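Presented below is the structure to which this report refers.
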Amino acid sequence: MRRPVHILFLFFIILIPFRMMAEEEKDSLRNREEVNIGILQNIFYYAGRYSRLIDEYDAELYIKAHLHVHKSNHWVRYVPSMIRFEKGVKDYINESVSEIHYTAPDIYDRKIKANVSTFPKNKGQITDVYDYINLNVYSATMMTNKILSPLDRANKKYYKYYMDSIVPNEKAYRYKIRIVPKFKSTQLVSGYMWVKEHSWNIQTIYIEGIYDVILFKMKVDMGDKGHEEFVPVHYDLDLRFKFAWNDLQMKATADMTYKNIKLYSEFAKRRKRRNKHRHDLTKSYTLSVDTTKLINTQREFEQFRPKPLSSDELALYFSYYMRQADIEKKKYKKQRLRTKSQVFWGQVGDMLTDNYYLNLKGIGSVKCSPLLNPFLLDYSHSRGWSYRQKFKYNRFFTNSERMLRVAPQIGYNFKDKQLYLKLNTEWQYWPQKQGSIELTAGNNRRIFSSMVIDQLKEWPDSTFNMNKKDMDYFKDINVELMNSIEVVNGLTIKLGINMHHRTLVNRSSIELRHPLTGKEWAKLRNIDYSYNSFAPRIVVQWTPHQYYYMNGKRKMNLPSVLPTFSIDYERAFPRIFGCRGTYERIEVDIRQHIKLTSIKSVSYRLGGGAFTRHRGMYFVDFENFRRHNVPEDWNDEIGGTFQLLASRWFNTSRRYIRGHFTYESPFILLRPLNKWLGRVQVERLYLGLLRMPGIKSYVELGYGIGTHIFDAGIFVNNMNGDKMGVGCKFTFELFRD
């Protein structure tokens with residue numbers, strides 16, 4: 001357990017130098033007066049009103065971004081959204097035009113209709129600056145709820161406000177107010193804003209902070225006439241990415257041209273109530289724009305530019321086209337001279353160190369991250385180190401909007417020294433009803449059963465030399481075929497079959513001490529070392545008041561504010577595919593995620609299960625209460641499983657009742673230490689409870705932190721009131737795609 005503790009200490013040391021504001025700026029603030037409380041009250045009051053003022057708008061967004069490479073190395077290849085830079089090229093430019101549809105409260109739909117760039121083709125793309133642009137200035141949070149707005153009344157306890165200057169005007173004063181966070185945190189920003197007296201609307205706001213490892217500076221200018229006074233019309237962005245001795249800087253500008261702006265009113269409220277289905281939010285989420293033809297040539301793009309390009313920007317495009325022509329010539333010559341062996345090993349090298357995305361016209365698309373990627377590692381106290389890799393193949397059928405997904409996955413657990421393989425295949429044949437057929441195949445984690453040892457106990461001790469290590473563990477190969485369909489909105493039924501083939505891990509450890517008689521050989525041959533099971537399965541899942549929107553013919557469910565209930569039933573039948581036993585498995589599960597505020601949340605998961613009517617061979621193998629081979633990521637499992645519970649307990653008892661509770665907030669315990677630990681993005685508290693035969697009471701408490709680079713947690717447990725344990729969980733979260 002010392003090794004992960006050392007790693008955590010190292011990362012905390014790396015995070016300490018985070019600085020939100022220069023020392024000279026701090027000194028200059030000491031002589032400034034804090035803003036009058038009356039002015040602040042007016043700003044907060046009107047910001048709350050203006051945040052709900054705009055009901056809907058359509059706009060055209062033009063973005064121009066210039067990327068400069070100060071320093072780069074091979075580590076930058078592991079960033080999924082990053083390009084592979086051309087050798088010797090330090091500057092790149094990208095322009096795009098998009099149609100934007102906004103619906104209150106914070107629903108944005110964007111469709112790109114034109115794009116030109118000097119970035120290399122088919123090598124990925126730089127982080128899209130749209131995350132910084134789709135913001136409601138008056139909202140309580142910014143950047144997809146990761147930053148607390150200084151304009152919200154509830155957030156004023158995290159900020160200080162100083163008066164920079166007052167500009168008199170014939171009708172109203174204009175105030176420049178400096179914004180300073182009270183402590184360092186990635187949820188807080190610094191900057192200033194210009195506010196107009198009487199109407200108390202924001203005319204300009206400048207903020208800087210950290211968002212997903214990127215140091216950003218952003219200036220937003222609001223409109224100056226009509227309804228545009230309440231929406232942004234121009235953005236200036238300066239983004240700086242520094243990681244692992246890489247230093248990249250992107251400067252971007254963006255302009256919004258509004259076609260219509262609708263204010264929220266009682267008429268809009270009544271219009272939404274008359275929607276054909278009260279849970280159908282299609283009109284809020286979809287934008288009717290023909291994007292079948294993407295404009296990507298300079299000649300066609302000219303019509304969208306609000307201003308002509310500068311001579312330096314034109315030179316970037318000219319240099320790019322000259323390089324492309326030269327590359328094509330060299331590529332043709334190399335292809336004639338390179339041997340098949342050189343081509344093969346060059347492709348292998350690309351797979352090991354590069355992200356790759358292949359769009360095969362008429363066939364589908366393949367996506368994979370580098371095979372040698374340290375950010376796919378995961379550590380857990382009970383499982384040790386794990387590594388995983390996913391490949392994704394998607395094919396979308398345009399006419400019917402059906403979809404085929406194939407996702408092979410490999411994983412290796414260093415503690416078990418076992419390679420895991422898994423294949424998920426899904427054919428979505430009825431997108432309106434989320435109807436799909438899913439086939440899953442792979443080798444599961446070794447499962448515990450004492451049935452072979454129980455059979456060998458019937459023999460005299462002098463018969464065998466037996467190493468009992470692994471004599472109670474079985475390898476498991478699983479194939480599952482399920483058909484899923486949403487019968488009515490929120491109610492999904494899954495029907496299918498579940499098959500297992502389990503074989504003893506260490507059969508070779510049984511050695512005879514003396515020759516056996518004919519009868520003894522016949523008896524020994526009756527001992528089974530492999531077992532099959534065949535079980536039809538049904539899952540019923542219900543989410544009350546499930547909201548959704550239609551993307552063409554495809555139904556897309558949205559996160560629900562109400563709990564999701566599920567019942568999972570499985571029944572094994574003998575004499576089918578060699579199955580010689582029978583059992584019934586039933587599990588119930590309730591889960592819910594509750595947003596307390598924009599950045600605080602509580603989630604819980606309650607459930608129980610039992611194996612009943614068992615006869616002959618069966619293995620205790622629950623669906624909801626199990627230990628996965630290789631965890632998917634932090635959020636998939638960290639709050640819904642027991643980190644310190646030994647693996648064999650998951651397959652020992654025929655019954656269980658469990659509960660999990662997670663509280664998440666950016667400021668719980670580390671707020672006094674934010675001066676040194678400013679990059680801690682979120683803190684989490686965990687509680688897990690379990691009761692099952694053999695364990696009267698099991699309690700697990702945990703505390704975790706989340707940063708842009710990694711997530712970590714420490715856990716303590718107590719079993720039956722007397723056995724204590726301590727462990728930790730660690731996983732990289734940087735650039736997870």
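Chain labels run A, B, ... following the order of the structure tokens; each chain numbers its residues from 1, and ligands are numbered from 1 in the order shown.
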
For this session: May I have the residues within 9 Å of Arg615 of chain A as an NGL selection string, using only C-alpha atoms and disregarding those fewer than 5 positions away in the same chain?
Result: :A and (580-583)

Next, the residues of the selection above should be written as a CSV table (one decimal), in the first residue's frame with C-alpha atoms.
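And here's out_17.csv as it stands now:
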chain,number,residue,atom,x,y,z
A,580,ARG,CA,-26.8,-30.4,-14.9
A,581,GLY,CA,-28.2,-28.1,-12.2
A,582,THR,CA,-30.9,-25.6,-11.6
A,583,TYR,CA,-31.2,-22.3,-9.7

For this session: Write out as a list in words which residues come within 9 Å of Arg591 of chain A when counting only C-alpha atoms, dropping same-chain ones fewer than 6 positions away.
Result: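 These residues fall inside the cut-off: Leu562, Pro563, Thr564, Phe565, Ser566, Ser603, Tyr604, Arg605, Leu606 and Gly607 of chain A.
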
Residues of the last selection are to be written out with all heavy atoms, as a JSON list (two decimals), in the first residue's frame.
[["chain", "number", "residue", "atom", "x", "y", "z"],
["A", 562, "LEU", "N", -35.60, 11.58, -10.88],
["A", 562, "LEU", "CA", -36.26, 10.56, -10.06],
["A", 562, "LEU", "C", -35.45, 9.27, -10.10],
["A", 562, "LEU", "O", -34.64, 9.06, -11.00],
["A", 562, "LEU", "CB", -37.68, 10.32, -10.57],
["A", 562, "LEU", "CG", -38.64, 11.50, -10.44],
["A", 562, "LEU", "CD1", -40.00, 11.15, -11.03],
["A", 562, "LEU", "CD2", -38.79, 11.92, -8.98],
["A", 563, "PRO", "N", -35.66, 8.38, -9.14],
["A", 563, "PRO", "CA", -34.87, 7.14, -9.09],
["A", 563, "PRO", "C", -35.22, 6.18, -10.22],
["A", 563, "PRO", "O", -36.31, 6.25, -10.81],
["A", 563, "PRO", "CB", -35.22, 6.55, -7.72],
["A", 563, "PRO", "CG", -36.54, 7.14, -7.37],
["A", 563, "PRO", "CD", -36.55, 8.51, -7.97],
["A", 564, "THR", "N", -34.31, 5.28, -10.50],
["A", 564, "THR", "CA", -34.51, 4.21, -11.47],
["A", 564, "THR", "C", -34.64, 2.89, -10.70],
["A", 564, "THR", "O", -33.78, 2.55, -9.89],
["A", 564, "THR", "CB", -33.34, 4.12, -12.46],
["A", 564, "THR", "OG1", -33.29, 5.34, -13.22],
["A", 564, "THR", "CG2", -33.51, 2.95, -13.40],
["A", 565, "PHE", "N", -35.72, 2.16, -10.99],
["A", 565, "PHE", "CA", -35.98, 0.88, -10.33],
["A", 565, "PHE", "C", -35.73, -0.25, -11.33],
["A", 565, "PHE", "O", -36.07, -0.12, -12.51],
["A", 565, "PHE", "CB", -37.43, 0.81, -9.85],
["A", 565, "PHE", "CG", -37.84, 1.94, -8.95],
["A", 565, "PHE", "CD1", -38.33, 3.13, -9.48],
["A", 565, "PHE", "CD2", -37.75, 1.83, -7.57],
["A", 565, "PHE", "CE1", -38.72, 4.18, -8.67],
["A", 565, "PHE", "CE2", -38.14, 2.86, -6.74],
["A", 565, "PHE", "CZ", -38.61, 4.04, -7.29],
["A", 566, "SER", "N", -35.17, -1.36, -10.85],
["A", 566, "SER", "CA", -34.95, -2.49, -11.75],
["A", 566, "SER", "C", -35.12, -3.80, -11.00],
["A", 566, "SER", "O", -34.82, -3.89, -9.80],
["A", 566, "SER", "CB", -33.56, -2.43, -12.38],
["A", 566, "SER", "OG", -32.56, -2.65, -11.42],
["A", 603, "SER", "N", -25.76, 10.87, -4.25],
["A", 603, "SER", "CA", -26.24, 9.71, -5.00],
["A", 603, "SER", "C", -26.32, 8.52, -4.06],
["A", 603, "SER", "O", -25.55, 8.42, -3.11],
["A", 603, "SER", "CB", -25.32, 9.40, -6.19],
["A", 603, "SER", "OG", -24.01, 9.14, -5.75],
["A", 604, "TYR", "N", -27.26, 7.65, -4.35],
["A", 604, "TYR", "CA", -27.38, 6.45, -3.53],
["A", 604, "TYR", "C", -27.75, 5.28, -4.42],
["A", 604, "TYR", "O", -28.27, 5.43, -5.53],
["A", 604, "TYR", "CB", -28.43, 6.64, -2.43],
["A", 604, "TYR", "CG", -29.85, 6.76, -2.93],
["A", 604, "TYR", "CD1", -30.64, 5.64, -3.18],
["A", 604, "TYR", "CD2", -30.43, 8.02, -3.14],
["A", 604, "TYR", "CE1", -31.94, 5.75, -3.64],
["A", 604, "TYR", "CE2", -31.73, 8.14, -3.59],
["A", 604, "TYR", "CZ", -32.48, 7.01, -3.84],
["A", 604, "TYR", "OH", -33.77, 7.12, -4.30],
["A", 605, "ARG", "N", -27.48, 4.10, -3.90],
["A", 605, "ARG", "CA", -27.84, 2.86, -4.58],
["A", 605, "ARG", "C", -28.19, 1.81, -3.53],
["A", 605, "ARG", "O", -27.38, 1.52, -2.63],
["A", 605, "ARG", "CB", -26.70, 2.35, -5.45],
["A", 605, "ARG", "CG", -27.07, 1.11, -6.26],
["A", 605, "ARG", "CD", -25.96, 0.70, -7.19],
["A", 605, "ARG", "NE", -26.35, -0.44, -8.02],
["A", 605, "ARG", "CZ", -25.57, -1.03, -8.91],
["A", 605, "ARG", "NH1", -24.33, -0.58, -9.09],
["A", 605, "ARG", "NH2", -26.00, -2.06, -9.62],
["A", 606, "LEU", "N", -29.39, 1.29, -3.59],
["A", 606, "LEU", "CA", -29.88, 0.29, -2.65],
["A", 606, "LEU", "C", -30.26, -0.96, -3.43],
["A", 606, "LEU", "O", -30.79, -0.88, -4.54],
["A", 606, "LEU", "CB", -31.10, 0.81, -1.88],
["A", 606, "LEU", "CG", -30.95, 2.16, -1.17],
["A", 606, "LEU", "CD1", -32.28, 2.60, -0.60],
["A", 606, "LEU", "CD2", -29.90, 2.06, -0.07],
["A", 607, "GLY", "N", -29.99, -2.12, -2.84],
["A", 607, "GLY", "CA", -30.33, -3.34, -3.55],
["A", 607, "GLY", "C", -30.17, -4.58, -2.72],
["A", 607, "GLY", "O", -29.61, -4.56, -1.61]]

Problem set entry | Polymer residues at most 9 Å from Thr662 of chain A, only C-alpha atoms, same-chain spacing of 6 or more positions, as a ChimeraX atom specification | /A:601-604,639-640,684-688

Restricting it to N, CA and C atoms, dump the selection as a JSON list (two decimals), in the first residue's frame.
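Output saved as part_30.json:
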[["chain", "number", "residue", "atom", "x", "y", "z"],
["A", 601, "SER", "N", -23.88, 17.30, -5.00],
["A", 601, "SER", "CA", -24.83, 16.24, -5.33],
["A", 601, "SER", "C", -24.73, 15.11, -4.32],
["A", 602, "VAL", "N", -25.80, 14.35, -4.26],
["A", 602, "VAL", "CA", -25.87, 13.14, -3.45],
["A", 602, "VAL", "C", -26.38, 12.02, -4.35],
["A", 603, "SER", "N", -25.76, 10.87, -4.25],
["A", 603, "SER", "CA", -26.24, 9.71, -5.00],
["A", 603, "SER", "C", -26.32, 8.52, -4.06],
["A", 604, "TYR", "N", -27.26, 7.65, -4.35],
["A", 604, "TYR", "CA", -27.38, 6.45, -3.53],
["A", 604, "TYR", "C", -27.75, 5.28, -4.42],
["A", 639, "GLY", "N", -18.54, 4.61, -6.49],
["A", 639, "GLY", "CA", -19.58, 4.86, -5.50],
["A", 639, "GLY", "C", -20.58, 3.74, -5.37],
["A", 640, "GLY", "N", -20.40, 2.63, -6.09],
["A", 640, "GLY", "CA", -21.41, 1.58, -6.07],
["A", 640, "GLY", "C", -20.86, 0.21, -5.77],
["A", 684, "ARG", "N", -15.21, 13.89, -2.23],
["A", 684, "ARG", "CA", -16.31, 12.93, -2.13],
["A", 684, "ARG", "C", -16.25, 12.20, -0.79],
["A", 685, "LEU", "N", -17.42, 11.94, -0.23],
["A", 685, "LEU", "CA", -17.56, 11.11, 0.96],
["A", 685, "LEU", "C", -18.37, 9.87, 0.59],
["A", 686, "TYR", "N", -17.92, 8.70, 1.05],
["A", 686, "TYR", "CA", -18.57, 7.44, 0.70],
["A", 686, "TYR", "C", -19.01, 6.69, 1.95],
["A", 687, "LEU", "N", -20.14, 6.01, 1.82],
["A", 687, "LEU", "CA", -20.61, 5.11, 2.86],
["A", 687, "LEU", "C", -21.18, 3.87, 2.18],
["A", 688, "GLY", "N", -20.69, 2.70, 2.59],
["A", 688, "GLY", "CA", -21.20, 1.44, 2.06],
["A", 688, "GLY", "C", -21.60, 0.51, 3.19]]

For this session: Figure out the distance between atom CA of His614 of chain A and atom CA of Arg575 of chain A, please, to one decimal in Å.
Result: 14.8 Å

Exercise. Near Asn94 of chain A, counting only C-alpha atoms, which residues have an atom at most 10 Å away, once you skip same-chain residues fewer than 5 positions from it, shown as a PyMOL selection string?
Worked result: chain A and resi 63-67+115-119+126+252+313+317

Suppose we keep N, CA and C atoms; can you now write the selection as a short mmCIF file (atom, residue, chain, number, x, y, z; two decimals), in the first residue's frame?
data_model
loop_
_atom_site.label_atom_id
_atom_site.label_comp_id
_atom_site.auth_asym_id
_atom_site.auth_seq_id
_atom_site.Cartn_x
_atom_site.Cartn_y
_atom_site.Cartn_z
N ILE A 63 -15.83 31.04 -35.34
CA ILE A 63 -14.68 30.88 -34.46
C ILE A 63 -13.41 30.86 -35.30
N LYS A 64 -12.43 31.64 -34.87
CA LYS A 64 -11.10 31.61 -35.48
C LYS A 64 -10.08 31.39 -34.38
N ALA A 65 -9.27 30.35 -34.52
CA ALA A 65 -8.31 29.98 -33.48
C ALA A 65 -6.92 29.83 -34.08
N HIS A 66 -5.95 30.38 -33.36
CA HIS A 66 -4.55 30.30 -33.77
C HIS A 66 -3.78 29.56 -32.68
N LEU A 67 -3.18 28.43 -33.04
CA LEU A 67 -2.43 27.61 -32.08
C LEU A 67 -0.94 27.79 -32.32
N ASN A 115 -15.90 24.42 -42.09
CA ASN A 115 -14.67 24.32 -41.32
C ASN A 115 -13.48 24.26 -42.26
N VAL A 116 -12.48 25.11 -41.98
CA VAL A 116 -11.20 25.06 -42.70
C VAL A 116 -10.09 25.10 -41.67
N SER A 117 -8.97 24.42 -41.99
CA SER A 117 -7.94 24.27 -40.96
C SER A 117 -6.61 23.92 -41.61
N THR A 118 -5.52 24.24 -40.89
CA THR A 118 -4.19 23.80 -41.31
C THR A 118 -3.71 22.64 -40.45
N PHE A 119 -4.58 22.10 -39.59
CA PHE A 119 -4.21 20.93 -38.81
C PHE A 119 -4.10 19.72 -39.74
N ILE A 126 -7.65 19.46 -32.02
CA ILE A 126 -7.33 20.16 -30.77
C ILE A 126 -8.60 20.37 -29.97
N ALA A 252 -7.99 32.65 -29.56
CA ALA A 252 -9.17 32.50 -30.42
C ALA A 252 -10.10 33.68 -30.24
N GLU A 313 -2.14 35.46 -41.22
CA GLU A 313 -3.06 34.32 -41.26
C GLU A 313 -3.13 33.71 -42.65
N TYR A 317 -2.11 29.62 -44.12
CA TYR A 317 -2.81 28.76 -45.07
C TYR A 317 -1.92 28.45 -46.28
#

Using DSSP on the backbone coordinates, identify the residues of segment 96-312 of chain A assigned to strand (DSSP E); present them as a PDB file with C-alpha atoms, in the first residue's frame.
ATOM      1  CA  SER A  96     -15.390  27.167 -38.237  1.00  0.00           C
ATOM      2  CA  VAL A  97     -18.980  28.326 -38.644  1.00  0.00           C
ATOM      3  CA  SER A  98     -21.801  26.702 -36.665  1.00  0.00           C
ATOM      4  CA  GLU A  99     -25.525  27.084 -36.249  1.00  0.00           C
ATOM      5  CA  ILE A 100     -26.527  27.412 -32.580  1.00  0.00           C
ATOM      6  CA  HIS A 101     -29.951  26.852 -31.066  1.00  0.00           C
ATOM      7  CA  TYR A 102     -30.443  27.736 -27.398  1.00  0.00           C
ATOM      8  CA  THR A 103     -33.392  26.826 -25.199  1.00  0.00           C
ATOM      9  CA  ILE A 107     -29.731  23.591 -23.501  1.00  0.00           C
ATOM     10  CA  TYR A 108     -27.456  24.177 -26.494  1.00  0.00           C
ATOM     11  CA  ASP A 109     -27.569  22.430 -29.852  1.00  0.00           C
ATOM     12  CA  ARG A 110     -24.694  23.050 -32.233  1.00  0.00           C
ATOM     13  CA  LYS A 111     -24.210  21.917 -35.808  1.00  0.00           C
ATOM     14  CA  ILE A 112     -21.009  22.749 -37.691  1.00  0.00           C
ATOM     15  CA  LYS A 113     -21.680  23.711 -41.312  1.00  0.00           C
ATOM     16  CA  ALA A 114     -18.234  24.979 -42.415  1.00  0.00           C
ATOM     17  CA  ASN A 115     -14.674  24.315 -41.316  1.00  0.00           C
ATOM     18  CA  VAL A 116     -11.203  25.056 -42.704  1.00  0.00           C
ATOM     19  CA  SER A 117      -7.942  24.265 -40.965  1.00  0.00           C
ATOM     20  CA  THR A 141     -22.214  28.076 -13.020  1.00  0.00           C
ATOM     21  CA  MET A 142     -20.026  28.157 -16.109  1.00  0.00           C
ATOM     22  CA  ILE A 147     -16.953  26.838 -12.364  1.00  0.00           C
ATOM     23  CA  LEU A 148     -18.900  28.903  -9.837  1.00  0.00           C
ATOM     24  CA  TYR A 159     -15.367  35.863  -3.792  1.00  0.00           C
ATOM     25  CA  LYS A 160     -14.298  39.370  -2.886  1.00  0.00           C
ATOM     26  CA  TYR A 161     -15.381  42.356  -4.997  1.00  0.00           C
ATOM     27  CA  TYR A 162     -13.335  45.566  -5.329  1.00  0.00           C
ATOM     28  CA  MET A 163     -14.253  48.806  -7.095  1.00  0.00           C
ATOM     29  CA  ASP A 164     -11.706  49.492  -9.845  1.00  0.00           C
ATOM     30  CA  SER A 165     -13.241  52.582 -11.401  1.00  0.00           C
ATOM     31  CA  ILE A 166     -16.464  54.533 -11.868  1.00  0.00           C
ATOM     32  CA  VAL A 167     -17.206  56.115 -15.239  1.00  0.00           C
ATOM     33  CA  ARG A 174     -20.642  52.393 -15.361  1.00  0.00           C
ATOM     34  CA  TYR A 175     -18.757  50.419 -12.718  1.00  0.00           C
ATOM     35  CA  LYS A 176     -15.628  48.335 -13.240  1.00  0.00           C
ATOM     36  CA  ILE A 177     -15.592  45.721 -10.490  1.00  0.00           C
ATOM     37  CA  ARG A 178     -12.599  43.505  -9.762  1.00  0.00           C
ATOM     38  CA  ILE A 179     -13.374  39.844  -8.932  1.00  0.00           C
ATOM     39  CA  VAL A 180     -10.988  38.013  -6.586  1.00  0.00           C
ATOM     40  CA  PRO A 181     -11.439  34.456  -5.230  1.00  0.00           C
ATOM     41  CA  SER A 190     -10.570  35.942 -11.050  1.00  0.00           C
ATOM     42  CA  GLY A 191     -11.082  38.939 -13.323  1.00  0.00           C
ATOM     43  CA  TYR A 192     -13.338  41.978 -13.668  1.00  0.00           C
ATOM     44  CA  MET A 193     -16.709  43.080 -15.048  1.00  0.00           C
ATOM     45  CA  TRP A 194     -18.253  46.294 -16.364  1.00  0.00           C
ATOM     46  CA  VAL A 195     -21.759  46.859 -14.982  1.00  0.00           C
ATOM     47  CA  LYS A 196     -24.304  49.459 -16.041  1.00  0.00           C
ATOM     48  CA  ILE A 202     -23.180  43.126 -17.603  1.00  0.00           C
ATOM     49  CA  GLN A 203     -21.578  44.901 -20.548  1.00  0.00           C
ATOM     50  CA  THR A 204     -18.188  43.148 -20.439  1.00  0.00           C
ATOM     51  CA  ILE A 205     -16.802  40.395 -18.241  1.00  0.00           C
ATOM     52  CA  TYR A 206     -13.230  39.087 -18.100  1.00  0.00           C
ATOM     53  CA  ILE A 207     -12.372  35.906 -16.198  1.00  0.00           C
ATOM     54  CA  GLU A 208      -9.344  33.652 -15.896  1.00  0.00           C
ATOM     55  CA  GLY A 209      -8.845  30.318 -14.219  1.00  0.00           C
ATOM     56  CA  ILE A 210      -8.208  26.634 -14.910  1.00  0.00           C
ATOM     57  CA  TYR A 211     -10.529  24.321 -16.830  1.00  0.00           C
ATOM     58  CA  ILE A 214      -5.912  24.402 -19.376  1.00  0.00           C
ATOM     59  CA  LEU A 215      -5.199  27.881 -18.023  1.00  0.00           C
ATOM     60  CA  PHE A 216      -7.768  30.117 -19.708  1.00  0.00           C
ATOM     61  CA  LYS A 217      -8.338  33.842 -20.030  1.00  0.00           C
ATOM     62  CA  MET A 218     -11.643  34.907 -21.534  1.00  0.00           C
ATOM     63  CA  LYS A 219     -13.189  38.279 -22.281  1.00  0.00           C
ATOM     64  CA  VAL A 220     -16.890  38.391 -23.210  1.00  0.00           C
ATOM     65  CA  ASP A 221     -18.591  41.454 -24.713  1.00  0.00           C
ATOM     66  CA  MET A 222     -22.371  41.647 -24.516  1.00  0.00           C
ATOM     67  CA  PRO A 232     -22.727  37.583 -25.688  1.00  0.00           C
ATOM     68  CA  VAL A 233     -21.755  38.872 -29.120  1.00  0.00           C
ATOM     69  CA  HIS A 234     -17.937  38.629 -29.039  1.00  0.00           C
ATOM     70  CA  TYR A 235     -15.357  36.454 -27.255  1.00  0.00           C
ATOM     71  CA  ASP A 236     -11.584  36.734 -26.885  1.00  0.00           C
ATOM     72  CA  LEU A 237      -9.874  33.593 -25.614  1.00  0.00           C
ATOM     73  CA  ASP A 238      -6.311  32.825 -24.527  1.00  0.00           C
ATOM     74  CA  LEU A 239      -5.781  29.153 -23.613  1.00  0.00           C
ATOM     75  CA  ARG A 240      -2.476  27.795 -22.275  1.00  0.00           C
ATOM     76  CA  PHE A 241      -1.823  24.069 -21.986  1.00  0.00           C
ATOM     77  CA  LYS A 242       1.217  23.046 -19.914  1.00  0.00           C
ATOM     78  CA  PHE A 243       1.751  19.404 -19.075  1.00  0.00           C
ATOM     79  CA  ASN A 246       4.632  20.534 -23.247  1.00  0.00           C
ATOM     80  CA  ASP A 247       3.632  24.163 -23.698  1.00  0.00           C
ATOM     81  CA  LEU A 248       0.875  25.033 -26.174  1.00  0.00           C
ATOM     82  CA  GLN A 249      -1.034  28.285 -26.525  1.00  0.00           C
ATOM     83  CA  MET A 250      -4.224  28.949 -28.427  1.00  0.00           C
ATOM     84  CA  LYS A 251      -5.658  32.401 -29.019  1.00  0.00           C
ATOM     85  CA  ALA A 252      -9.166  32.501 -30.419  1.00  0.00           C
ATOM     86  CA  THR A 253     -11.916  34.950 -31.239  1.00  0.00           C
ATOM     87  CA  ALA A 254     -15.596  34.171 -31.669  1.00  0.00           C
ATOM     88  CA  ASP A 255     -18.536  36.197 -32.970  1.00  0.00           C
ATOM     89  CA  MET A 256     -22.229  35.438 -32.498  1.00  0.00           C
ATOM     90  CA  THR A 257     -24.740  36.758 -35.028  1.00  0.00           C
ATOM     91  CA  TYR A 258     -28.302  36.375 -33.752  1.00  0.00           C
ATOM     92  CA  LYS A 259     -31.213  35.655 -36.067  1.00  0.00           C
ATOM     93  CA  ASN A 260     -33.951  35.845 -33.452  1.00  0.00           C
ATOM     94  CA  ILE A 261     -34.116  36.148 -29.691  1.00  0.00           C
ATOM     95  CA  LYS A 262     -37.248  35.178 -27.766  1.00  0.00           C
ATOM     96  CA  LEU A 263     -37.765  36.317 -24.200  1.00  0.00           C
TER      97      LEU A 263
END

Problem set entry | Which residue of A:Arg679, A:Ser484, A:Arg402, A:Ile493 approaches Gly552 of chain A most closely, using only C-alpha atoms | A:Arg402

Write out as a compact mmCIF listing (two decimals) with N, CA, C and O atoms, in the first residue's frame which residues come within 8 Å of Trp385 of chain A when counting only C-alpha atoms, dropping same-chain ones fewer than 2 positions away.
# COMPACT_ATOMS: atom_id res chain seq x y z
N LEU A 377 -4.04 3.17 -16.62
CA LEU A 377 -3.75 2.38 -15.42
C LEU A 377 -4.72 2.71 -14.30
O LEU A 377 -5.25 3.81 -14.21
N ASP A 378 -4.92 1.72 -13.43
CA ASP A 378 -5.84 1.87 -12.31
C ASP A 378 -5.29 1.05 -11.14
O ASP A 378 -4.74 -0.04 -11.34
N TYR A 379 -5.41 1.60 -9.92
CA TYR A 379 -4.95 0.87 -8.73
C TYR A 379 -6.07 0.80 -7.70
O TYR A 379 -6.74 1.80 -7.42
N SER A 380 -6.27 -0.40 -7.15
CA SER A 380 -7.21 -0.61 -6.06
C SER A 380 -6.55 -1.51 -5.03
O SER A 380 -5.79 -2.43 -5.37
N ARG A 383 -7.59 -5.14 -5.55
CA ARG A 383 -7.35 -5.71 -6.87
C ARG A 383 -5.95 -5.48 -7.39
O ARG A 383 -5.53 -6.11 -8.35
N TYR A 387 -4.77 -2.66 -16.05
CA TYR A 387 -4.61 -1.89 -17.29
C TYR A 387 -5.73 -2.30 -18.24
O TYR A 387 -6.09 -3.48 -18.32
N ASN A 413 -4.81 -7.73 -15.18
CA ASN A 413 -4.69 -7.49 -13.74
C ASN A 413 -3.35 -8.06 -13.29
O ASN A 413 -3.10 -9.27 -13.40
N PHE A 414 -2.49 -7.18 -12.79
CA PHE A 414 -1.13 -7.59 -12.42
C PHE A 414 -1.10 -8.42 -11.14
O PHE A 414 -0.19 -9.23 -10.95
N LYS A 415 -2.09 -8.25 -10.28
CA LYS A 415 -2.14 -9.04 -9.06
C LYS A 415 -2.56 -10.48 -9.36
O LYS A 415 -1.96 -11.43 -8.85

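When only C-alpha atoms are used to measure the gap to Lys595 of chain A, the shortest distance among A:Met724, A:Leu690, A:Val561, A:Ala572 belongs to A:Val561.
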
For this session: One decimal, Å: what's the distance from atom CA of Ser400 of chain A over to atom CA of Tyr549 of chain A, could you say?
Result: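 These two atoms are separated by 17.6 Å.
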
For this session: Would you mind listing what lies within 9 Å of Thr652 of chain A as a list in words, with only C-alpha atoms counted and same-chain residues fewer than 2 positions away left out?
Result: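 What passes the distance filter is Phe448, Ser449, Phe619, Val620, Asp621, Arg648, Trp649, Phe650, Arg654, Pro693 and Gly694 of chain A.
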
For this session: Looking only at alpha helix (DSSP H) from DSSP on the backbone, list the matching residues of segment 114-183 of chain A as a PyMOL selection string.
Result: chain A and resi 130-133

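Closest approach to Tyr50 of chain A from the set A:Leu151, A:Ile657, A:Val35, A:Met143 is made by A:Leu151, with distances taken over only C-alpha atoms.
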
Seminar exercise, completed: Here atom CA of Glu302 of chain A and atom CA of Tyr62 of chain A stand apart by 11.9 Å

Exercise. Which one of A:Gln541, A:Gln418, A:Thr492, A:Thr425 sits closest to Met403 of chain A if you count only C-alpha atoms?
Worked result: A:Thr425
